[in-house]
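This is data-v7.tsv. It holds TSV, C-alpha atoms.
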chain	number	residue	atom	x	y	z
A	1	MET	CA	159.73	71.23	109.81
A	2	THR	CA	159.09	67.66	108.70
A	3	THR	CA	156.27	65.58	110.19
A	4	LEU	CA	155.75	61.90	109.41
A	5	ILE	CA	152.45	60.25	110.31
A	6	ILE	CA	152.49	56.46	110.26
A	7	ASN	CA	150.09	53.53	110.76
A	8	ILE	CA	147.12	55.32	109.24
A	9	LYS	CA	144.26	52.84	108.93
A	10	GLU	CA	142.89	54.61	105.83
A	11	LEU	CA	144.10	57.75	104.05
A	12	ILE	CA	140.95	59.25	102.53
A	13	GLN	CA	140.41	61.61	99.58
A	14	ILE	CA	143.82	61.13	98.01
A	15	GLU	CA	144.80	62.61	94.64
A	16	ASN	CA	147.92	62.29	92.53
A	17	VAL	CA	146.59	64.95	90.15
A	18	PRO	CA	144.16	67.54	91.59
A	19	LYS	CA	140.61	67.21	90.23
A	20	TYR	CA	139.44	70.60	91.54
A	21	ILE	CA	135.76	69.60	91.23
A	22	VAL	CA	133.76	66.35	91.46
A	23	LYS	CA	130.35	66.00	89.81
A	24	GLY	CA	127.57	63.53	89.05
A	25	ALA	CA	128.37	59.84	89.36
A	26	ASP	CA	132.00	60.63	90.18
A	27	MET	CA	130.84	61.98	93.55
A	28	LYS	CA	130.31	58.37	94.63
A	29	ILE	CA	134.05	57.73	94.19
A	30	LEU	CA	136.31	58.43	97.16
A	31	PRO	CA	139.94	57.32	96.57
A	32	THR	CA	141.71	55.92	99.63
A	33	ILE	CA	144.84	53.99	100.68
A	34	LYS	CA	144.75	51.44	103.51
A	35	ASN	CA	147.64	51.11	106.00
A	36	ALA	CA	149.24	54.38	104.94
A	37	TYR	CA	151.71	57.11	105.86
A	38	LEU	CA	151.56	60.89	105.31
A	39	LEU	CA	154.62	63.13	105.10
A	40	ILE	CA	154.33	66.85	105.85
A	41	GLU	CA	156.95	69.50	105.18
A	42	ASN	CA	156.20	72.80	106.90
A	43	ASP	CA	152.60	73.62	105.90
A	44	LEU	CA	152.34	71.41	102.81
A	45	ILE	CA	151.78	67.75	101.99
A	46	LYS	CA	155.11	66.33	100.82
A	47	ASP	CA	154.30	62.67	100.16
A	48	PHE	CA	151.97	59.78	101.03
A	49	GLY	CA	151.64	56.09	100.31
A	50	THR	CA	151.40	52.66	101.88
A	51	MET	CA	153.39	51.72	104.98
A	52	SER	CA	155.29	49.16	102.89
A	53	ASN	CA	156.81	52.14	101.04
A	54	VAL	CA	157.30	54.50	103.96
A	55	PRO	CA	160.42	56.64	103.32
A	56	ASN	CA	163.53	56.04	105.39
A	57	ILE	CA	163.96	59.57	106.66
A	58	THR	CA	164.63	61.26	109.96
A	59	SER	CA	161.61	63.46	110.56
A	60	GLN	CA	161.54	66.12	113.24
A	61	ILE	CA	158.15	64.85	114.42
A	62	THR	CA	156.76	61.33	114.03
A	63	ILE	CA	153.12	60.66	114.90
A	64	ASP	CA	151.67	57.19	115.20
A	65	ALA	CA	148.05	57.39	114.06
A	66	SER	CA	147.50	54.07	115.86
A	67	GLY	CA	144.78	52.92	113.51
A	68	GLY	CA	143.04	56.25	113.11
A	69	SER	CA	142.10	57.40	109.62
A	70	ILE	CA	143.03	60.69	107.94
A	71	LEU	CA	140.93	62.84	105.63
A	72	PRO	CA	141.15	66.48	104.50
A	73	ALA	CA	139.90	69.18	106.85
A	74	TRP	CA	136.41	70.40	106.02
A	75	CYS	CA	135.98	73.34	103.64
A	76	ASP	CA	132.98	75.38	104.82
A	77	SER	CA	132.08	77.74	101.96
A	78	HIS	CA	129.09	79.58	103.45
A	79	THR	CA	128.98	81.16	106.92
A	80	HIS	CA	127.92	84.33	108.72
A	81	ILE	CA	130.15	83.57	111.69
A	82	VAL	CA	130.87	87.21	112.56
A	83	TYR	CA	127.78	88.37	114.44
A	84	ALA	CA	126.84	89.82	117.82
A	85	GLY	CA	124.62	88.22	120.45
A	86	ASN	CA	122.08	85.55	119.51
A	87	ARG	CA	118.47	85.11	118.43
A	88	GLU	CA	117.33	82.44	120.86
A	89	GLN	CA	113.98	84.19	121.40
A	90	GLU	CA	113.19	83.74	117.71
A	91	PHE	CA	113.91	80.03	118.17
A	92	VAL	CA	111.20	79.94	120.83
A	93	ASP	CA	108.87	82.03	118.63
A	94	ARG	CA	109.16	79.46	115.85
A	95	ILE	CA	108.35	76.65	118.28
A	96	ASN	CA	105.24	78.65	119.17
A	97	GLY	CA	104.15	78.83	115.54
A	98	LEU	CA	105.70	81.87	113.88
A	99	THR	CA	107.48	81.36	110.57
A	100	TYR	CA	110.91	82.74	109.66
A	101	GLU	CA	109.20	85.19	107.28
A	102	GLU	CA	106.72	86.36	109.94
A	103	ILE	CA	109.51	86.96	112.43
A	104	ALA	CA	111.42	88.99	109.84
A	105	ALA	CA	108.30	91.04	109.00
A	106	ASN	CA	107.95	91.91	112.70
A	107	GLY	CA	111.46	93.39	112.85
A	108	GLY	CA	113.25	90.20	113.78
A	109	GLY	CA	115.60	88.13	111.69
A	110	ILE	CA	118.44	89.94	109.94
A	111	LEU	CA	117.26	93.36	111.17
A	112	ASN	CA	117.44	92.10	114.76
A	113	SER	CA	121.04	90.96	114.26
A	114	SER	CA	121.85	94.27	112.58
A	115	LYS	CA	120.55	96.27	115.52
A	116	VAL	CA	122.65	94.28	118.01
A	117	LEU	CA	125.76	94.40	115.83
A	118	ILE	CA	125.64	98.18	115.41
A	119	GLN	CA	125.51	98.53	119.20
A	120	THR	CA	128.49	96.18	119.68
A	121	SER	CA	132.06	97.46	119.67
A	122	GLU	CA	134.54	96.15	117.12
A	123	GLU	CA	136.62	94.64	119.93
A	124	ASP	CA	133.65	92.79	121.43
A	125	LEU	CA	132.57	91.59	117.99
A	126	PHE	CA	136.07	90.26	117.38
A	127	ASP	CA	136.11	88.44	120.73
A	128	GLN	CA	132.72	86.79	120.10
A	129	SER	CA	133.75	85.75	116.59
A	130	SER	CA	137.12	84.42	117.79
A	131	HIS	CA	135.39	81.89	120.03
A	132	ARG	CA	133.40	80.61	117.05
A	133	ILE	CA	136.48	80.33	114.83
A	134	GLU	CA	138.31	78.36	117.52
A	135	GLU	CA	135.25	76.11	117.91
A	136	VAL	CA	134.95	75.22	114.21
A	137	MET	CA	138.68	74.59	113.88
A	138	LYS	CA	138.45	71.99	116.65
A	139	LEU	CA	135.52	70.45	114.76
A	140	GLY	CA	137.73	69.89	111.74
A	141	THR	CA	137.19	72.95	109.54
A	142	GLY	CA	140.39	74.08	107.83
A	143	ALA	CA	139.02	76.67	105.39
A	144	ILE	CA	136.00	78.91	105.80
A	145	GLU	CA	134.12	81.68	104.05
A	146	ILE	CA	132.70	84.50	106.19
A	147	LYS	CA	130.12	87.06	105.03
A	148	SER	CA	129.27	90.52	106.23
A	149	GLY	CA	125.58	91.45	106.03
A	150	TYR	CA	124.51	92.33	109.56
A	151	GLY	CA	125.79	95.91	109.42
A	152	LEU	CA	123.44	97.14	106.68
A	153	ASN	CA	125.14	100.54	106.73
A	154	LYS	CA	128.63	101.79	105.98
A	155	GLU	CA	129.89	101.70	109.56
A	156	GLY	CA	128.43	98.30	110.40
A	157	GLU	CA	129.49	96.55	107.20
A	158	LEU	CA	133.04	97.89	107.38
A	159	LYS	CA	133.20	96.93	111.06
A	160	MET	CA	132.35	93.35	110.16
A	161	LEU	CA	134.82	93.19	107.28
A	162	ARG	CA	137.62	94.60	109.43
A	163	VAL	CA	136.88	92.05	112.13
A	164	ILE	CA	137.14	89.28	109.53
A	165	LYS	CA	140.48	90.75	108.43
A	166	LYS	CA	141.72	90.56	112.03
A	167	LEU	CA	140.57	86.94	112.27
A	168	LYS	CA	142.58	86.14	109.13
A	169	GLN	CA	145.65	87.68	110.75
A	170	LYS	CA	145.26	85.83	114.05
A	171	TYR	CA	144.27	82.30	113.06
A	172	PRO	CA	145.88	79.70	110.76
A	173	ILE	CA	142.56	78.70	109.18
A	174	THR	CA	142.18	79.94	105.60
A	175	ILE	CA	139.43	82.58	105.46
A	176	LYS	CA	137.70	83.93	102.36
A	177	VAL	CA	135.62	87.08	102.75
A	178	THR	CA	132.27	87.99	101.17
A	179	PHE	CA	130.66	91.44	101.10
A	180	LEU	CA	126.90	90.98	101.72
A	181	ALA	CA	125.41	94.41	102.37
A	182	ALA	CA	122.47	93.32	100.16
A	183	HIS	CA	121.27	90.94	102.87
A	184	ALA	CA	118.10	92.85	103.79
A	185	LEU	CA	116.71	96.38	103.68
A	186	PRO	CA	117.53	98.45	106.79
A	187	ILE	CA	114.57	100.18	108.42
A	188	GLU	CA	115.65	103.63	107.24
A	189	PHE	CA	115.45	102.42	103.63
A	190	LYS	CA	112.07	100.73	103.94
A	191	ASP	CA	110.19	101.20	100.64
A	192	LYS	CA	113.36	102.76	99.17
A	193	LYS	CA	115.17	99.68	97.93
A	194	SER	CA	116.64	101.38	94.87
A	195	ASP	CA	118.17	104.06	97.08
A	196	TYR	CA	119.72	101.42	99.33
A	197	ILE	CA	121.22	99.54	96.40
A	198	ASP	CA	122.76	102.78	95.16
A	199	TYR	CA	124.06	103.45	98.68
A	200	VAL	CA	125.71	100.02	98.81
A	201	ILE	CA	127.28	100.42	95.37
A	202	GLN	CA	128.32	104.06	95.62
A	203	GLU	CA	129.13	104.52	99.32
A	204	ILE	CA	130.34	101.18	100.71
A	205	LEU	CA	131.68	99.14	97.78
A	206	PRO	CA	134.42	101.68	96.84
A	207	ILE	CA	135.86	101.45	100.38
A	208	VAL	CA	135.69	97.66	100.32
A	209	LYS	CA	137.64	97.74	97.06
A	210	LYS	CA	140.16	100.33	98.21
A	211	GLU	CA	140.95	98.55	101.49
A	212	LYS	CA	140.83	95.08	99.86
A	213	LEU	CA	138.36	93.87	102.47
A	214	ALA	CA	136.57	91.19	100.45
A	215	ASP	CA	137.07	88.45	97.87
A	216	TYR	CA	133.42	88.06	96.82
A	217	ILE	CA	130.10	89.90	96.70
A	218	ASP	CA	126.77	88.33	97.68
A	219	VAL	CA	123.05	89.13	97.41
A	220	PHE	CA	120.02	87.60	99.11
A	221	CYS	CA	118.00	87.03	95.92
A	222	GLU	CA	114.63	86.10	97.39
A	223	THR	CA	111.00	87.19	97.48
A	224	GLY	CA	110.70	90.11	99.90
A	225	TYR	CA	114.41	90.89	99.75
A	226	PHE	CA	116.23	91.52	96.42
A	227	ASN	CA	114.85	90.51	93.04
A	228	VAL	CA	116.65	89.32	89.92
A	229	GLU	CA	117.18	92.84	88.54
A	230	ASP	CA	118.58	94.04	91.87
A	231	THR	CA	120.87	91.03	92.01
A	232	HIS	CA	122.19	91.59	88.49
A	233	LYS	CA	122.93	95.24	89.24
A	234	ILE	CA	124.82	94.43	92.44
A	235	LEU	CA	126.79	91.55	90.92
A	236	GLN	CA	127.81	93.75	87.99
A	237	ALA	CA	128.98	96.47	90.38
A	238	GLY	CA	130.91	93.86	92.34
A	239	LYS	CA	132.53	92.57	89.17
A	240	LYS	CA	133.76	96.07	88.31
A	241	ALA	CA	135.26	96.25	91.80
A	242	GLY	CA	137.03	92.92	91.31
A	243	LEU	CA	134.62	90.84	93.40
A	244	GLN	CA	133.15	87.63	91.97
A	245	GLY	CA	129.56	86.73	92.90
A	246	LYS	CA	128.38	84.15	95.46
A	247	ILE	CA	124.62	84.44	95.96
A	248	HIS	CA	121.78	83.25	98.20
A	249	VAL	CA	119.06	81.78	95.96
A	250	ASN	CA	115.95	79.58	96.11
A	251	GLN	CA	115.72	79.39	99.90
A	252	PHE	CA	111.96	79.93	100.01
A	253	THR	CA	110.97	80.63	96.38
A	254	ALA	CA	112.46	80.15	92.92
A	255	ILE	CA	112.40	83.57	91.22
A	256	GLY	CA	115.21	83.22	88.69
A	257	GLY	CA	118.15	83.64	91.02
A	258	VAL	CA	120.02	80.61	89.72
A	259	GLU	CA	119.87	81.95	86.17
A	260	VAL	CA	121.10	85.42	87.12
A	261	GLY	CA	123.90	83.82	89.13
A	262	VAL	CA	125.06	81.69	86.20
A	263	LYS	CA	124.78	84.60	83.76
A	264	ASN	CA	127.00	86.65	86.03
A	265	LYS	CA	129.45	83.75	86.41
A	266	ALA	CA	128.87	83.48	90.14
A	267	LEU	CA	131.28	81.10	91.83
A	268	SER	CA	128.41	79.51	93.74
A	269	VAL	CA	124.65	79.60	94.21
A	270	ASP	CA	123.74	78.71	97.78
A	271	HIS	CA	120.68	77.31	99.61
A	272	LEU	CA	118.65	75.80	96.70
A	273	GLU	CA	115.99	74.32	98.96
A	274	ILE	CA	113.46	75.04	96.19
A	275	MET	CA	114.67	73.79	92.78
A	276	ASN	CA	112.91	73.32	89.47
A	277	SER	CA	113.91	71.63	86.22
A	278	ASP	CA	114.92	74.94	84.62
A	279	ASP	CA	117.38	75.60	87.45
A	280	ILE	CA	119.00	72.21	86.87
A	281	LYS	CA	119.30	72.87	83.13
A	282	ILE	CA	120.81	76.30	83.70
A	283	LEU	CA	123.49	74.92	86.03
A	284	LYS	CA	124.58	72.32	83.49
A	285	ASN	CA	127.67	73.33	81.53
A	286	SER	CA	128.27	76.25	83.90
A	287	LYS	CA	131.19	76.71	86.27
A	288	THR	CA	128.89	77.73	89.12
A	289	MET	CA	128.88	75.42	92.16
A	290	PRO	CA	125.51	74.55	93.78
A	291	VAL	CA	125.84	74.67	97.57
A	292	ALA	CA	123.44	72.99	100.02
A	293	LEU	CA	122.99	74.08	103.65
A	294	PRO	CA	121.23	71.15	105.37
A	295	SER	CA	121.63	72.50	108.92
A	296	CYS	CA	119.47	75.47	107.91
A	297	SER	CA	116.71	73.16	106.68
A	298	TYR	CA	117.00	71.13	109.90
A	299	PHE	CA	116.77	74.19	112.14
A	300	LEU	CA	113.98	76.01	110.28
A	301	GLY	CA	111.99	72.92	109.31
A	302	ILE	CA	112.03	73.85	105.62
A	303	PRO	CA	112.67	71.51	102.66
A	304	TYR	CA	116.15	70.13	102.10
A	305	THR	CA	118.09	70.87	98.93
A	306	PRO	CA	117.21	68.05	96.46
A	307	ALA	CA	120.70	66.59	96.37
A	308	ARG	CA	119.72	63.46	94.47
A	309	LYS	CA	118.09	65.48	91.70
A	310	ILE	CA	121.18	67.70	91.42
A	311	ILE	CA	123.81	64.96	91.51
A	312	ASP	CA	121.87	62.51	89.35
A	313	ALA	CA	121.65	65.25	86.71
A	314	GLY	CA	125.44	65.14	86.49
A	315	LEU	CA	126.05	68.28	88.54
A	316	PRO	CA	128.45	68.85	91.43
A	317	LEU	CA	127.28	69.78	94.91
A	318	ALA	CA	129.03	71.35	97.90
A	319	LEU	CA	127.96	71.30	101.55
A	320	ALA	CA	128.36	74.16	104.02
A	321	THR	CA	127.05	75.10	107.46
A	322	ASP	CA	125.44	78.54	106.96
A	323	TYR	CA	126.60	79.25	110.55
A	324	ASN	CA	124.54	82.28	111.65
A	325	PRO	CA	122.47	83.41	114.65
A	326	GLY	CA	119.03	83.12	113.09
A	327	SER	CA	118.72	79.99	110.99
A	328	THR	CA	121.81	77.88	111.75
A	329	PRO	CA	123.54	78.59	115.07
A	330	SER	CA	126.08	75.83	114.51
A	331	GLY	CA	129.32	75.52	112.56
A	332	ASN	CA	129.62	71.75	112.93
A	333	MET	CA	130.47	70.33	109.50
A	334	ASN	CA	130.33	66.81	110.94
A	335	PHE	CA	126.62	67.30	111.62
A	336	VAL	CA	126.16	68.76	108.13
A	337	ILE	CA	127.61	65.61	106.58
A	338	SER	CA	125.43	63.36	108.71
A	339	THR	CA	122.32	65.37	107.88
A	340	ALA	CA	123.13	65.30	104.16
A	341	CYS	CA	123.31	61.51	104.29
A	342	ILE	CA	120.25	61.01	106.47
A	343	LYS	CA	117.89	63.65	105.07
A	344	MET	CA	119.19	64.29	101.55
A	345	LYS	CA	120.09	60.65	100.75
A	346	MET	CA	123.67	61.47	99.82
A	347	THR	CA	126.13	58.60	100.16
A	348	PRO	CA	129.04	59.09	102.59
A	349	GLU	CA	131.36	59.37	99.58
A	350	GLU	CA	129.21	62.11	98.04
A	351	ALA	CA	128.96	63.99	101.32
A	352	ILE	CA	132.72	63.89	101.94
A	353	ASN	CA	133.43	65.03	98.38
A	354	ALA	CA	130.90	67.84	98.84
A	355	ALA	CA	132.49	68.97	102.11
A	356	THR	CA	136.10	68.85	100.90
A	357	ILE	CA	136.98	69.21	97.20
A	358	ASN	CA	133.73	70.86	96.13
A	359	GLY	CA	133.66	73.08	99.21
A	360	ALA	CA	137.17	74.23	98.36
A	361	TYR	CA	136.06	75.01	94.79
A	362	ALA	CA	133.17	77.12	96.14
A	363	MET	CA	135.78	79.33	97.83
A	364	GLY	CA	138.28	79.43	94.96
A	365	LEU	CA	140.64	77.20	96.96
A	366	GLU	CA	140.55	74.05	94.83
A	367	LYS	CA	144.27	74.28	93.95
A	368	THR	CA	145.38	74.35	97.59
A	369	HIS	CA	142.70	72.70	99.75
A	370	GLY	CA	140.17	69.90	99.83
A	371	SER	CA	142.21	66.73	99.27
A	372	ILE	CA	145.29	64.80	100.30
A	373	CYS	CA	147.53	65.78	97.41
A	374	ILE	CA	151.24	66.59	97.16
A	375	GLY	CA	151.69	70.34	97.25
A	376	LYS	CA	148.35	71.11	98.87
A	377	LYS	CA	147.95	72.58	102.35
A	378	ALA	CA	148.53	70.14	105.21
A	379	ASN	CA	145.00	70.59	106.57
A	380	PHE	CA	143.59	67.29	107.77
A	381	ILE	CA	141.69	65.39	110.43
A	382	ILE	CA	142.96	62.31	112.26
A	383	THR	CA	139.92	60.34	113.32
A	384	LYS	CA	139.44	58.15	116.33
A	385	VAL	CA	139.69	54.43	115.58
A	386	ILE	CA	136.54	53.83	113.53
A	387	PRO	CA	135.39	50.91	111.34
A	388	SER	CA	135.39	53.02	108.14
A	389	TYR	CA	134.62	56.53	106.90
A	390	ASN	CA	130.94	55.52	106.78
A	391	PHE	CA	131.01	55.78	110.57
A	392	ILE	CA	131.53	59.58	110.34
A	393	PRO	CA	127.98	60.37	109.13
A	394	TYR	CA	126.54	57.30	110.87
A	395	SER	CA	127.52	58.50	114.35
A	396	PHE	CA	125.68	61.82	114.10
A	397	GLY	CA	126.06	64.08	117.11
A	398	ASN	CA	129.33	62.39	118.10
A	399	HIS	CA	132.17	63.62	115.93
A	400	GLN	CA	134.93	61.07	115.41
A	401	ILE	CA	137.83	63.55	115.52
A	402	ASP	CA	140.97	62.76	117.50
A	403	GLN	CA	143.27	65.51	116.15
A	404	VAL	CA	143.05	68.40	113.68
A	405	PHE	CA	146.02	69.83	111.77
A	406	ILE	CA	145.96	73.16	109.95
A	407	ASN	CA	148.99	74.33	107.97
A	408	GLY	CA	150.87	71.30	109.24
A	409	LEU	CA	150.38	72.14	112.91
A	410	ARG	CA	148.08	70.51	115.42
A	411	VAL	CA	145.17	72.73	116.50
Write the structure described by the file as structure tokens, please.
Amino acid sequence: MTTLIINIKELIQIENVPKYIVKGADMKILPTIKNAYLLIENDLIKDFGTMSNVPNITSQITIDASGGSILPAWCDSHTHIVYAGNREQEFVDRINGLTYEEIAANGGGILNSSKVLIQTSEEDLFDQSSHRIEEVMKLGTGAIEIKSGYGLNKEGELKMLRVIKKLKQKYPITIKVTFLAAHALPIEFKDKKSDYIDYVIQEILPIVKKEKLADYIDVFCETGYFNVEDTHKILQAGKKAGLQGKIHVNQFTAIGGVEVGVKNKALSVDHLEIMNSDDIKILKNSKTMPVALPSCSYFLGIPYTPARKIIDAGLPLALATDYNPGSTPSGNMNFVISTACIKMKMTPEEAINAATINGAYAMGLEKTHGSICIGKKANFIITKVIPSYNFIPYSFGNHQIDQVFINGLRV
């Protein structure tokens, strides 16, 4: 099927040759074409250019953008979107003075989500997660990573991973899967962390490998959860099972997680609210993508990832939602981009690069997603009529989306 979109006010994030990653000063560059067309063939981008060069073809579908702009669909590289229930009471507890760490120490947090998930049927978990997937697609997300990590035992973790597999089969959105059993210590393994790590590696990981249930492995490398040695052991086991690392680091403390991630050639290191000069140095000359989660900082009232320090050091940066029930109950990438500009002092160009090309890289999708490029997936957003792309982060809380296309089809 051929689809021709005409009268595009501005075609944003265009590439003739895929860059795959954008870093440092280049993040301030956002290539565009004014008064453009976009040609789609089946699920791929076939051609694009100015309206003065629009091809004389008979397309099966012609869409008049009527002055709307087009940019790639968002690439959300860090979510926990498959979960059961909610943690609204913890939200109230934080308002009343408890910290995230105090709530977790009292049996809340991840352990609370684990308890609810284990009591939820696979069918119900799928239904709840389906609503969230449909929601984020309408908000412009065309590729997403989803983690396990609320099962914390063999049955629960495999339940989550199988639900994610069903979501991949049902929806057109590209989904990458991450195995995160090392998210927290379950109650039955309290004070027996080594035993739990062995359980994850010896009892759950072989099934994940055999059934091909995940693309990546993750660890919550943080004070009170898993230390650097634990993280190294788990990432090495994942590597042997064919799973590349993607780790949570530096959310509350800097304990060496960035270094262990880079040493293990992790695809990304995520959170990074607490960064030091050594972390910056370690990331230089690596292929590991730093990922910021500004909605988490907004919701918990913790520091924001120092984007300026990272980008000004010549590094790349990606943005993601961290959609989860405890610290970021939202999958709205439009809000993430606004927050990155407002609170992290990223320019609109940097934020859009971080949420498209660099987000795709953080999922291993840089060859197929993240830009308007011939041969890439036809995943894009048609905006309402707006003055410029600066209006997207400017108008926080009011997304400027008119239509979303995934795999060449309107959502």
Which residues of range 6-74 of chain A come within 7 Å of range 391-409 of chain A, and for each one, what is the closest pair of atoms and their distance in Å to one decimal, counting all atoms listed in the file, sorted by chain and residue number, as a tab-separated table?
residue	atom	partner	partner_atom	distance
A:Ile40	CA	A:Gly408	CA	6.6
A:Asn42	CA	A:Gly408	CA	6.0
A:Asp43	CA	A:Asn407	CA	4.2
A:Leu44	CA	A:Gly408	CA	6.6
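One finds CA of Ile29 in chain A at 23.8 Å from CA of Asn332 in chain A.
One distance worth recording is that between CA of His248 in chain A and CA of Tyr216 in chain A, which is 12.7 Å.
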### Message
Which residue is closest to Asp215 in chain A? Choose from A:Val163, A:Ala241, A:Leu98, A:Met346 and count all atoms listed in the file.
### Response
A:Ala241
### Message
Would you compute the distance between CA of Ala320 in chain A and CA of Lys159 in chain A? Give it in Å to one decimal.
### Response
24.3 Å
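With all atoms listed in the file as the atoms that count, the residue of A:Leu152, A:Ile61, A:Leu4, A:Val208 with the shortest distance to Pro186 in chain A is A:Leu152.
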Find the spatial neighbours of Asp191 in chain A, counting all atoms listed in the file, within a cut-off of 12 Å - ignore same-chain residues fewer than 6 positions away - and output them as a short mmCIF file (atom, residue, chain, number, x, y, z; two decimals) with C-alpha atoms, in the frame of the given file.
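That gives us selection-v4.cif:
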data_model
loop_
_atom_site.label_atom_id
_atom_site.label_comp_id
_atom_site.auth_asym_id
_atom_site.auth_seq_id
_atom_site.Cartn_x
_atom_site.Cartn_y
_atom_site.Cartn_z
CA ALA A 184 118.10 92.85 103.79
CA LEU A 185 116.71 96.38 103.68
CA ILE A 197 121.22 99.54 96.40
CA GLY A 224 110.70 90.11 99.90
CA TYR A 225 114.41 90.89 99.75
#
